[in-house]
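Novice: Supplied structure: structure_22.txt, compact mmCIF, C-alpha atoms (C1' of nucleotides).
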```txt
# COMPACT_ATOMS: atom_id res chain seq x y z
CA MET A 1 91.57 108.98 105.33
CA ASN A 2 91.11 105.66 103.58
CA ASP A 3 93.56 102.94 102.84
CA ALA A 4 93.56 100.90 99.65
CA VAL A 5 91.47 98.16 101.17
CA ASP A 6 88.68 100.54 102.18
CA LEU A 7 88.26 101.24 98.49
CA TYR A 8 87.86 97.72 97.39
CA LEU A 9 85.55 96.82 100.22
CA ALA A 10 83.38 99.73 99.13
CA GLN A 11 83.49 98.49 95.55
CA TRP A 12 82.39 95.03 96.55
CA ASN A 13 79.59 96.45 98.64
CA ARG A 14 78.39 98.45 95.68
CA GLU A 15 78.60 95.56 93.23
CA ARG A 16 77.53 92.70 95.44
CA PRO A 17 75.62 94.12 98.43
CA ASP A 18 74.38 90.62 99.17
CA LEU A 19 77.89 89.49 100.10
CA ASP A 20 79.55 89.87 103.48
CA VAL A 21 83.08 90.75 102.43
CA SER A 22 84.32 91.64 105.90
CA PRO A 23 86.93 88.86 105.94
CA MET A 24 88.72 90.75 103.18
CA ALA A 25 89.18 93.65 105.56
CA ILE A 26 91.66 91.44 107.38
CA ILE A 27 93.09 89.18 104.72
CA GLY A 28 93.37 91.93 102.13
CA ARG A 29 95.18 94.17 104.57
CA MET A 30 97.47 91.36 105.57
CA ASN A 31 98.41 90.91 101.91
CA ARG A 32 99.14 94.54 101.43
CA LEU A 33 101.09 94.87 104.65
CA GLN A 34 103.14 91.87 103.71
CA GLN A 35 104.14 93.53 100.45
CA ILE A 36 104.86 96.93 101.94
CA LEU A 37 106.72 95.63 104.97
CA GLY A 38 108.55 93.13 102.80
CA ARG A 39 109.85 95.91 100.62
CA GLY A 40 110.78 97.96 103.68
CA VAL A 41 112.79 95.09 105.08
CA GLY A 42 114.31 94.10 101.74
CA ASP A 43 115.42 97.60 100.79
CA HIS A 44 117.13 97.98 104.11
CA LEU A 45 118.92 94.65 103.95
CA ALA A 46 120.07 95.47 100.43
CA GLU A 47 122.00 98.39 101.89
CA HIS A 48 123.95 95.83 103.86
CA GLY A 49 124.50 93.73 100.76
CA LEU A 50 122.05 90.99 101.70
CA GLU A 51 118.95 89.59 100.04
CA ARG A 52 116.06 88.82 102.28
CA TRP A 53 116.35 85.07 101.79
CA GLU A 54 120.04 85.26 102.62
CA PHE A 55 119.33 87.02 105.87
CA ASP A 56 116.61 84.49 106.69
CA VAL A 57 119.00 81.58 106.43
CA LEU A 58 121.87 83.28 108.21
CA ALA A 59 119.62 84.47 111.01
CA THR A 60 118.10 81.03 111.43
CA LEU A 61 121.55 79.54 111.88
CA ARG A 62 122.68 82.34 114.13
CA ARG A 63 119.82 82.08 116.55
CA SER A 64 120.00 78.29 116.66
CA GLY A 65 122.96 78.98 118.84
CA ALA A 66 126.25 77.78 120.05
CA PRO A 67 128.38 75.84 119.90
CA GLU A 68 128.25 75.25 116.19
CA HIS A 69 125.59 77.56 114.73
CA ARG A 70 124.71 74.68 112.55
CA LEU A 71 121.53 72.93 111.40
CA SER A 72 120.65 70.16 109.01
CA ALA A 73 119.04 71.10 105.73
CA LYS A 74 115.78 69.63 106.92
CA GLU A 75 115.73 71.71 110.08
CA LEU A 76 116.43 74.80 108.00
CA VAL A 77 113.52 73.94 105.76
CA ARG A 78 111.24 73.58 108.74
CA MET A 79 112.28 76.89 110.23
CA THR A 80 112.03 78.93 107.06
CA MET A 81 108.89 77.63 105.36
CA VAL A 82 110.46 77.03 101.99
CA GLY A 83 110.65 73.75 100.10
CA SER A 84 113.67 71.52 100.25
CA SER A 85 114.64 72.30 96.67
CA ALA A 86 114.66 76.02 97.38
CA MET A 87 116.86 75.39 100.37
CA THR A 88 119.39 73.49 98.28
CA ASN A 89 119.56 76.51 96.03
CA ARG A 90 119.88 78.97 98.90
CA VAL A 91 122.67 77.06 100.54
CA ASP A 92 124.49 76.69 97.21
CA ARG A 93 124.57 80.42 96.80
CA LEU A 94 125.52 81.18 100.39
CA VAL A 95 128.38 78.69 100.16
CA LYS A 96 129.57 80.50 97.03
CA ARG A 97 129.50 83.76 98.97
CA GLY A 98 131.47 82.14 101.75
CA LEU A 99 128.84 82.84 104.40
CA VAL A 100 127.99 79.23 105.26
CA HIS A 101 129.68 75.88 104.85
CA ARG A 102 127.99 72.63 103.95
CA GLU A 103 129.16 69.18 104.89
CA VAL A 104 127.76 65.71 105.06
CA ASP A 105 126.94 64.62 108.60
CA PRO A 106 129.48 61.90 109.36
CA ALA A 107 127.09 60.31 111.85
CA ASN A 108 124.33 59.99 109.24
CA ARG A 109 125.46 60.46 105.69
CA ARG A 110 121.96 61.21 104.44
CA ARG A 111 122.02 64.50 106.29
CA VAL A 112 123.73 67.68 105.30
CA LEU A 113 124.86 70.07 107.99
CA VAL A 114 124.92 73.74 107.20
CA GLY A 115 126.79 76.09 109.47
CA LEU A 116 127.84 79.72 109.59
CA THR A 117 131.38 80.55 108.60
CA SER A 118 133.06 83.21 110.68
CA GLU A 119 132.28 85.67 107.87
CA GLY A 120 128.65 84.60 107.97
CA PHE A 121 128.52 84.93 111.72
CA ALA A 122 130.08 88.37 111.62
CA MET A 123 127.68 89.42 108.88
CA VAL A 124 124.50 88.47 110.75
CA ASP A 125 125.68 89.87 114.01
CA ARG A 126 126.57 93.12 112.34
CA VAL A 127 123.30 93.43 110.40
CA VAL A 128 120.72 92.16 112.85
CA GLU A 129 120.90 95.15 115.12
CA ASP A 130 120.12 97.57 112.31
CA HIS A 131 117.56 95.16 111.02
CA VAL A 132 115.40 95.17 114.15
CA ALA A 133 115.81 98.92 114.41
CA ASN A 134 114.45 99.15 110.88
CA GLU A 135 111.56 96.84 111.68
CA SER A 136 110.78 98.94 114.70
CA ARG A 137 110.73 102.04 112.51
CA LEU A 138 108.29 100.36 110.14
CA LEU A 139 105.96 99.85 113.09
CA ASP A 140 106.27 103.40 114.37
CA GLY A 141 102.67 104.07 113.41
CA LEU A 142 101.48 101.98 116.33
CA ASP A 143 102.05 102.90 119.94
CA PRO A 144 103.36 100.28 122.39
CA GLY A 145 99.90 99.31 123.59
CA GLU A 146 98.67 98.83 120.06
CA ARG A 147 101.66 96.75 119.13
CA GLU A 148 101.03 94.54 122.09
CA ARG A 149 97.40 94.03 121.14
CA LEU A 150 98.40 93.31 117.57
CA VAL A 151 100.91 90.69 118.69
CA HIS A 152 98.24 89.06 120.79
CA LEU A 153 95.73 88.88 117.95
CA LEU A 154 98.19 87.65 115.35
CA ARG A 155 99.47 85.04 117.74
CA LYS A 156 95.99 83.79 118.51
CA LEU A 157 95.15 83.60 114.83
CA LEU A 158 98.33 81.71 114.05
CA LEU A 159 97.67 79.21 116.79
CA SER A 160 94.11 78.70 115.60
CA LEU A 161 95.48 77.86 112.17
CA GLY A 162 97.62 75.12 113.60
CA ASP A 163 100.95 76.90 113.54
CA SER A 164 103.11 75.57 116.32
CA ALA A 165 106.67 75.74 117.48
CA PRO A 166 108.56 73.28 115.31
CA GLU A 167 110.06 71.14 118.06
CA GLY A 168 109.81 67.92 116.14
CA GLY A 169 106.49 69.30 115.04
CA GLN A 170 104.41 68.16 112.10
CA GLU A 171 105.23 70.05 108.94
CA ARG A 172 103.24 70.51 105.80
CA ALA A 173 103.82 67.75 103.33
CA ARG A 174 106.79 68.64 101.16
CA THR A 175 108.96 66.71 98.79
CA MET B 1 100.90 76.62 123.69
CA ASN B 2 103.50 78.38 121.60
CA ASP B 3 103.47 79.32 117.98
CA ALA B 4 106.51 79.13 115.73
CA VAL B 5 107.41 82.77 116.34
CA ASP B 6 107.55 82.34 120.10
CA LEU B 7 110.34 79.89 119.50
CA TYR B 8 112.50 82.14 117.46
CA LEU B 9 111.98 85.10 119.71
CA ALA B 10 113.17 82.92 122.58
CA GLN B 11 116.18 81.87 120.54
CA TRP B 12 117.13 85.45 119.81
CA ASN B 13 116.74 86.36 123.45
CA ARG B 14 119.05 83.57 124.43
CA GLU B 15 121.66 84.40 121.81
CA ARG B 16 121.47 88.16 121.80
CA PRO B 17 119.89 89.29 125.09
CA ASP B 18 121.12 92.80 124.36
CA LEU B 19 118.75 93.10 121.41
CA ASP B 20 115.11 94.14 121.57
CA VAL B 21 113.60 91.80 119.02
CA SER B 22 109.98 92.63 119.81
CA PRO B 23 109.29 94.00 116.31
CA MET B 24 109.76 90.46 115.02
CA ALA B 25 106.81 89.38 117.12
CA ILE B 26 104.67 91.33 114.67
CA ILE B 27 106.55 91.16 111.40
CA GLY B 28 107.50 87.53 111.81
CA ARG B 29 103.92 86.57 112.53
CA MET B 30 102.70 88.60 109.60
CA ASN B 31 105.05 86.65 107.34
CA ARG B 32 103.89 83.34 108.64
CA LEU B 33 100.23 84.25 108.49
CA GLN B 34 100.66 85.43 104.95
CA GLN B 35 102.02 82.05 103.95
CA ILE B 36 99.45 80.01 105.80
CA LEU B 37 96.48 82.12 104.76
CA GLY B 38 97.81 82.29 101.23
CA ARG B 39 97.85 78.55 101.02
CA GLY B 40 94.37 78.35 102.51
CA VAL B 41 93.04 80.72 99.91
CA GLY B 42 94.98 79.19 97.03
CA ASP B 43 93.97 75.61 97.78
CA HIS B 44 90.36 76.63 97.88
CA LEU B 45 90.47 78.57 94.63
CA ALA B 46 92.20 75.63 92.97
CA GLU B 47 89.07 73.59 93.64
CA HIS B 48 87.25 76.08 91.45
CA GLY B 49 89.91 75.83 88.78
CA LEU B 50 91.48 79.20 89.46
CA GLU B 51 94.94 80.32 90.45
CA ARG B 52 95.19 83.05 93.02
CA TRP B 53 96.57 85.58 90.53
CA GLU B 54 93.73 84.76 88.15
CA PHE B 55 91.15 85.43 90.80
CA ASP B 56 92.90 88.66 91.77
CA VAL B 57 92.62 90.04 88.27
CA LEU B 58 89.08 88.85 87.64
CA ALA B 59 87.90 90.16 91.01
CA THR B 60 89.54 93.52 90.42
CA LEU B 61 87.68 93.89 87.14
CA ARG B 62 84.43 92.60 88.59
CA ARG B 63 84.35 95.02 91.49
CA SER B 64 85.36 97.94 89.32
CA GLY B 65 81.77 97.75 88.22
CA ALA B 66 79.30 98.37 85.51
CA PRO B 67 78.81 99.11 82.78
CA GLU B 68 81.85 97.52 81.23
CA HIS B 69 83.77 95.77 84.01
CA ARG B 70 86.84 97.06 82.35
CA LEU B 71 90.09 98.75 83.37
CA SER B 72 93.27 99.85 81.67
CA ALA B 73 96.37 97.78 82.24
CA LYS B 74 97.82 100.55 84.32
CA GLU B 75 94.82 100.70 86.62
CA LEU B 76 95.02 96.95 87.05
CA VAL B 77 98.67 97.27 87.98
CA ARG B 78 97.85 99.89 90.58
CA MET B 79 95.10 97.83 92.14
CA THR B 80 97.00 94.57 92.32
CA MET B 81 100.50 95.57 93.37
CA VAL B 82 102.32 93.67 90.66
CA GLY B 83 104.64 95.11 88.05
CA SER B 84 103.47 96.00 84.58
CA SER B 85 105.36 93.13 83.00
CA ALA B 86 103.67 90.63 85.28
CA MET B 87 100.34 92.12 84.33
CA THR B 88 101.04 91.67 80.63
CA ASN B 89 101.70 88.04 81.36
CA ARG B 90 98.58 87.62 83.49
CA VAL B 91 96.32 89.18 80.92
CA ASP B 92 97.88 87.07 78.15
CA ARG B 93 96.97 83.92 79.99
CA LEU B 94 93.49 85.04 80.96
CA VAL B 95 92.79 85.98 77.36
CA LYS B 96 93.88 82.48 76.33
CA ARG B 97 91.45 81.05 78.86
CA GLY B 98 88.70 83.26 77.46
CA LEU B 99 88.03 84.97 80.79
CA VAL B 100 89.02 88.50 79.75
CA HIS B 101 89.39 90.37 76.50
CA ARG B 102 92.05 92.92 75.67
CA GLU B 103 91.71 95.80 73.25
CA VAL B 104 93.46 99.04 72.48
CA ASP B 105 91.64 102.09 73.78
CA PRO B 106 90.44 103.89 70.63
CA ALA B 107 90.51 107.21 72.47
CA ASN B 108 94.16 106.80 73.46
CA ARG B 109 95.99 104.14 71.56
CA ARG B 110 98.73 103.87 74.16
CA ARG B 111 96.26 102.36 76.57
CA VAL B 112 95.02 98.81 76.66
CA LEU B 113 91.62 98.09 78.09
CA VAL B 114 91.05 94.77 79.75
CA GLY B 115 87.51 93.62 80.42
CA LEU B 116 85.68 90.57 81.68
CA THR B 117 84.13 88.30 79.10
CA SER B 118 80.75 86.88 80.04
CA GLU B 119 82.55 83.65 80.98
CA GLY B 120 84.92 85.63 83.17
CA PHE B 121 82.07 87.49 84.77
CA ALA B 122 80.16 84.28 85.46
CA MET B 123 83.30 82.68 86.87
CA VAL B 124 84.03 85.42 89.42
CA ASP B 125 80.45 85.78 90.47
CA ARG B 126 80.19 82.07 90.99
CA VAL B 127 83.44 81.75 92.94
CA VAL B 128 83.49 84.88 95.06
CA GLU B 129 80.75 83.76 97.37
CA ASP B 130 82.59 80.57 98.29
CA HIS B 131 85.78 82.52 98.44
CA VAL B 132 84.65 84.88 101.18
CA ALA B 133 83.07 81.98 103.05
CA ASN B 134 86.44 80.28 102.94
CA GLU B 135 88.23 83.39 104.13
CA SER B 136 85.76 83.67 106.96
CA ARG B 137 86.48 80.08 107.93
CA LEU B 138 90.20 80.82 108.02
CA LEU B 139 89.49 83.58 110.54
CA ASP B 140 87.26 81.43 112.72
CA GLY B 141 89.84 81.46 115.46
CA LEU B 142 88.99 85.07 116.26
CA ASP B 143 85.64 86.16 117.62
CA PRO B 144 83.85 89.14 116.04
CA GLY B 145 85.24 91.63 118.54
CA GLU B 146 88.76 90.43 117.98
CA ARG B 147 88.36 90.61 114.23
CA GLU B 148 87.19 94.16 114.53
CA ARG B 149 90.16 95.14 116.67
CA LEU B 150 92.50 93.42 114.24
CA VAL B 151 91.00 95.31 111.30
CA HIS B 152 91.46 98.55 113.17
CA LEU B 153 95.12 97.89 113.94
CA LEU B 154 96.03 96.65 110.49
CA ARG B 155 94.31 99.61 108.92
CA LYS B 156 96.11 102.06 111.15
CA LEU B 157 99.44 100.45 110.38
CA LEU B 158 98.77 100.50 106.64
CA LEU B 159 97.85 104.16 106.73
CA SER B 160 100.96 104.99 108.74
CA LEU B 161 103.02 103.32 106.02
CA GLY B 162 101.54 105.57 103.38
CA ASP B 163 99.12 103.14 101.84
CA SER B 164 96.19 105.05 100.46
CA ALA B 165 93.18 104.47 98.27
CA PRO B 166 94.51 104.58 94.73
CA GLU B 167 92.23 107.28 93.39
CA GLY B 168 94.82 108.82 91.12
CA GLY B 169 97.14 108.21 94.03
CA GLN B 170 100.90 108.08 93.92
CA GLU B 171 102.16 104.62 93.20
CA ARG B 172 105.51 103.12 93.86
CA ALA B 173 107.95 103.65 91.01
CA ARG B 174 107.68 100.78 88.57
CA THR B 175 108.84 100.28 85.00
C1' DA C 1 104.59 121.69 62.32
C1' DT C 2 107.76 119.25 64.82
C1' DA C 3 111.46 117.84 68.16
C1' DG C 4 111.59 116.23 72.46
C1' DA C 5 109.38 114.93 76.80
C1' DA C 6 105.98 112.22 78.86
C1' DT C 7 103.03 108.25 79.03
C1' DA C 8 101.64 103.26 78.56
C1' DT C 9 102.56 98.63 77.37
C1' DT C 10 105.39 94.78 75.94
C1' DT C 11 109.68 92.21 75.43
C1' DC C 12 113.68 90.25 77.36
C1' DG C 13 116.82 87.93 80.50
C1' DA C 14 117.51 86.78 85.24
C1' DC C 15 116.00 84.72 89.35
C1' DA C 16 113.60 82.30 93.30
C1' DT C 17 110.28 79.18 94.04
C1' DC C 18 107.55 74.88 93.50
C1' DG C 19 106.47 69.75 93.10
C1' DA C 20 107.76 65.43 91.23
C1' DA C 21 111.21 62.29 90.47
C1' DA C 22 115.83 60.60 91.10
C1' DG C 23 119.85 59.51 93.94
C1' DG C 24 122.10 57.95 98.06
C1' DT C 25 121.90 56.24 102.89
C1' DT C 26 119.99 54.06 106.94
C1' DT C 27 116.56 51.33 109.33
C1' DT C 28 113.33 47.63 109.69
C1' DC C 29 112.01 43.22 109.65
C1' DC C 30 111.94 38.64 108.15
C1' DG D 1 122.43 39.24 106.12
C1' DG D 2 119.55 40.99 102.62
C1' DA D 3 115.30 43.02 100.58
C1' DA D 4 112.16 46.51 101.22
C1' DA D 5 110.68 50.66 103.42
C1' DA D 6 111.81 55.06 105.21
C1' DC D 7 114.54 59.02 105.10
C1' DC D 8 117.09 63.15 103.39
C1' DT D 9 118.89 65.94 99.74
C1' DT D 10 119.50 67.20 95.05
C1' DT D 11 118.10 67.51 90.18
C1' DC D 12 114.87 68.83 86.78
C1' DG D 13 111.35 71.33 84.26
C1' DA D 14 107.77 74.67 84.81
C1' DT D 15 105.99 78.92 86.55
C1' DG D 16 105.44 83.71 88.01
C1' DT D 17 107.74 87.75 89.11
C1' DC D 18 111.03 91.55 88.61
C1' DG D 19 113.60 95.60 86.45
C1' DA D 20 115.59 97.48 82.42
C1' DA D 21 115.21 98.34 77.77
C1' DA D 22 112.44 98.57 73.65
C1' DT D 23 108.28 100.04 71.28
C1' DA D 24 104.47 102.81 70.41
C1' DT D 25 101.55 106.81 71.13
C1' DT D 26 100.33 111.41 72.75
C1' DC D 27 101.41 115.90 74.73
C1' DT D 28 104.17 120.20 75.09
C1' DA D 29 106.45 124.09 73.75
C1' DT D 30 108.60 126.64 70.50
```
Once more with this new file: its structure as structure tokens, please.

Specialist:
Amino acid sequence: MNDAVDLYLAQWNRERPDLDVSPMAIIGRMNRLQQILGRGVGDHLAEHGLERWEFDVLATLRRSGAPEHRLSAKELVRMTMVGSSAMTNRVDRLVKRGLVHREVDPANRRRVLVGLTSEGFAMVDRVVEDHVANESRLLDGLDPGERERLVHLLRKLLLSLGDSAPEGGQERART
Amino acid sequence: MNDAVDLYLAQWNRERPDLDVSPMAIIGRMNRLQQILGRGVGDHLAEHGLERWEFDVLATLRRSGAPEHRLSAKELVRMTMVGSSAMTNRVDRLVKRGLVHREVDPANRRRVLVGLTSEGFAMVDRVVEDHVANESRLLDGLDPGERERLVHLLRKLLLSLGDSAPEGGQERART
DNA sequence: ATAGAATATTTCGACATCGAAAGGTTTTCC
DNA sequence: GGAAAACCTTTCGATGTCGAAATATTCTAT
């Protein structure tokens, strides 16, 4: 049995046998998995009435923890890998849905603090359990040992690319 | 050393110790890698004057092979995982740049055949070599054995999710 | 022959994102 | 204490994608 990437590697080998296209075996599959898994996650969240980006923001606030379940816009940007302008838009829409509230930080009026409302909190806490169960289902094709090896490899690759826990870390330049 | 995903797994464990969030260790890292690798690929292609979606289309046509380096719009859609309306837009723009030509299939006038112009052909063939070198550089953090194991795991996961070589294969419903 | 089903592409409106620039606020440093 | 630099968020215009509907062509079955 071949996957879609096997085909295009074979095509490249036929057309350009001089080229070593083996990196595509990884990067191409990563692309495809991203799309397929993304749809699997998105379809499931839609059943709970959430878009993927909504869940991302709510979950980021939820796991940032007590007491306030609250982060500044900048911290949200850092955690979610979207630009600041996209975050403004996301928060706008979540405020309209009543899932988060936004207020100027009284201690530093440049900052905006975004926090979960009780509806938002209830929503994440209700959905997240099903969400991880769904993710687990998507990974059913790998046994526990394989999953562990995959985690290890992905983690090593991420670290080699300079990804690091954003504890005051350096972000990509963004406006 | 921790990557960004280690942090949010730890946060979930603190906030919801009842939950097994281990699937996120894979899916979360896949998301992040996708973004970081995507930027690495895109920035490099930009140096050659190409957008990522442009390269995707040109490369798909190039590797589809002689004699004509030509595919129908539908085949392009199947190979690239974008919707048909996005493909119309992509081809429009590539035609304007003179990199592909579009013509109605005389044998079946519903179909549109898209083929590389000689400029398009020269462009891909010039860029692809650098492109794979760049991809290889992005994967430098893994040694050859690790890359091989990663390929194996990603491939197995893809197959378990129903991805298969699109030789008349069943695609996802799209309008 | 022809109505209707099936197939293939394009058009249309909506939407999420991006990067640059603008708008406020605070800090720094003379 | 005030000007300039640094900081944080929002606004703006552009872009690329999506899904549904529209258009155009071919196939099927009577």

Novice: Adding 5 Å on each side of the box along x, y and z that holds all listed atoms of segment 9-20 of chain D, could you give its centre and edge lengths in Å to one decimal, as AutoDock Vina command-line options?

Specialist:
```
--center_x 112.5 --center_y 81.7 --center_z 91.1 --size_x 24.1 --size_y 41.5 --size_z 27.3
```

Novice: What residues in chain B have any atom no more than 7 Å from chain A when counting all atoms listed in the file, and can you write them as number ranges by chain?

Specialist: B: 2-4, 7, 11-12, 15, 19, 21, 23, 25-26, 29-31, 33-34, 63-65, 129, 132, 135-136, 141-142, 150-151, 153-155, 157-160, 163-166

Novice: Identify all chain B residues at most 12 Å from chain D by counting only C-alpha atoms (C1' of nucleotides); ligands do not count. Present them as a PDB file with C-alpha atoms, in the coordinates of the input.

Specialist:
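Wrote it out as iface32.pdb, contents follow:
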```pdb
ATOM      1  CA  GLU B  51      94.940  80.320  90.450  1.00  0.00           C
ATOM      2  CA  ARG B  52      95.190  83.050  93.020  1.00  0.00           C
ATOM      3  CA  TRP B  53      96.570  85.580  90.530  1.00  0.00           C
ATOM      4  CA  GLU B  54      93.730  84.760  88.150  1.00  0.00           C
ATOM      5  CA  MET B  81     100.500  95.570  93.370  1.00  0.00           C
ATOM      6  CA  VAL B  82     102.320  93.670  90.660  1.00  0.00           C
ATOM      7  CA  GLY B  83     104.640  95.110  88.050  1.00  0.00           C
ATOM      8  CA  SER B  84     103.470  96.000  84.580  1.00  0.00           C
ATOM      9  CA  SER B  85     105.360  93.130  83.000  1.00  0.00           C
ATOM     10  CA  ALA B  86     103.670  90.630  85.280  1.00  0.00           C
ATOM     11  CA  MET B  87     100.340  92.120  84.330  1.00  0.00           C
ATOM     12  CA  THR B  88     101.040  91.670  80.630  1.00  0.00           C
ATOM     13  CA  ASN B  89     101.700  88.040  81.360  1.00  0.00           C
ATOM     14  CA  ARG B  90      98.580  87.620  83.490  1.00  0.00           C
ATOM     15  CA  ARG B  93      96.970  83.920  79.990  1.00  0.00           C
ATOM     16  CA  VAL B 104      93.460  99.040  72.480  1.00  0.00           C
ATOM     17  CA  ASP B 105      91.640 102.090  73.780  1.00  0.00           C
ATOM     18  CA  PRO B 106      90.440 103.890  70.630  1.00  0.00           C
ATOM     19  CA  ALA B 107      90.510 107.210  72.470  1.00  0.00           C
ATOM     20  CA  ASN B 108      94.160 106.800  73.460  1.00  0.00           C
ATOM     21  CA  ARG B 109      95.990 104.140  71.560  1.00  0.00           C
ATOM     22  CA  ARG B 110      98.730 103.870  74.160  1.00  0.00           C
ATOM     23  CA  ARG B 111      96.260 102.360  76.570  1.00  0.00           C
ATOM     24  CA  VAL B 112      95.020  98.810  76.660  1.00  0.00           C
ATOM     25  CA  ALA B 173     107.950 103.650  91.010  1.00  0.00           C
ATOM     26  CA  ARG B 174     107.680 100.780  88.570  1.00  0.00           C
ATOM     27  CA  THR B 175     108.840 100.280  85.000  1.00  0.00           C
TER      28      THR B 175
END
```

Novice: Figure out the distance between atom CA of Leu45 of chain B and atom CA of Arg97 of chain B, please, to one decimal in Å.

Specialist: 16.0 Å

Novice: Just the number, please: Cα RMSD of chain B on chain A after least-squares superposition over all C-alpha atoms matched in order.

Specialist: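 Computed value for the CA RMSD is 0.1 Å.
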
Novice: Between atom CA of Ala73 of chain A and atom CA of Val91 of chain A, what is the distance, to one decimal in Å?

Specialist: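 Separation between atom CA of Ala73 of chain A and atom CA of Val91 of chain A: 8.7 Å.
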
Novice: Atom CA of Glu75 of chain A and atom CA of Gly115 of chain A are how many Å apart?

Specialist: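 These atoms are spaced 11.9 Å apart.
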
Novice: Using all atoms listed in the file, I'd like a table of the residues in chain C that come within 8 Å of chain A; for each, show the closest atom pair and its distance in Å rounded to one decimal, ordered by chain and ascending number, as CSV.

Specialist:
```
residue,atom,partner,partner_atom,distance
C:DA16,C1',A:Ala86,CA,7.6
C:DT17,C1',A:Ala86,CA,6.4
C:DC18,C1',A:Gly83,CA,7.4
C:DG19,C1',A:Thr175,CA,6.9
C:DA20,C1',A:Thr175,CA,7.8
C:DG24,C1',A:Arg110,CA,7.2
C:DT25,C1',A:Arg110,CA,5.2
C:DT26,C1',A:Asn108,CA,7.7
```

Novice: For Lys96 of chain A, which residue out of A:Pro67, A:Gly120, A:Gly145, A:Pro17 is the nearest one, using all atoms listed in the file?

Specialist: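 Answer, going by the shortest atom-to-atom distance: A:Gly120.
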
Novice: Name the residues in contact with Leu116 of chain A at a cut-off of 7 Å, using all atoms listed in the file, excluding same-chain residues fewer than 2 positions from it; report them as a list in words.

Specialist: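 Using all atoms listed in the file, the neighbours found are Leu61, His69, Arg70, Leu99, Val100, His101, Ser118, Gly120 and Phe121 of chain A.
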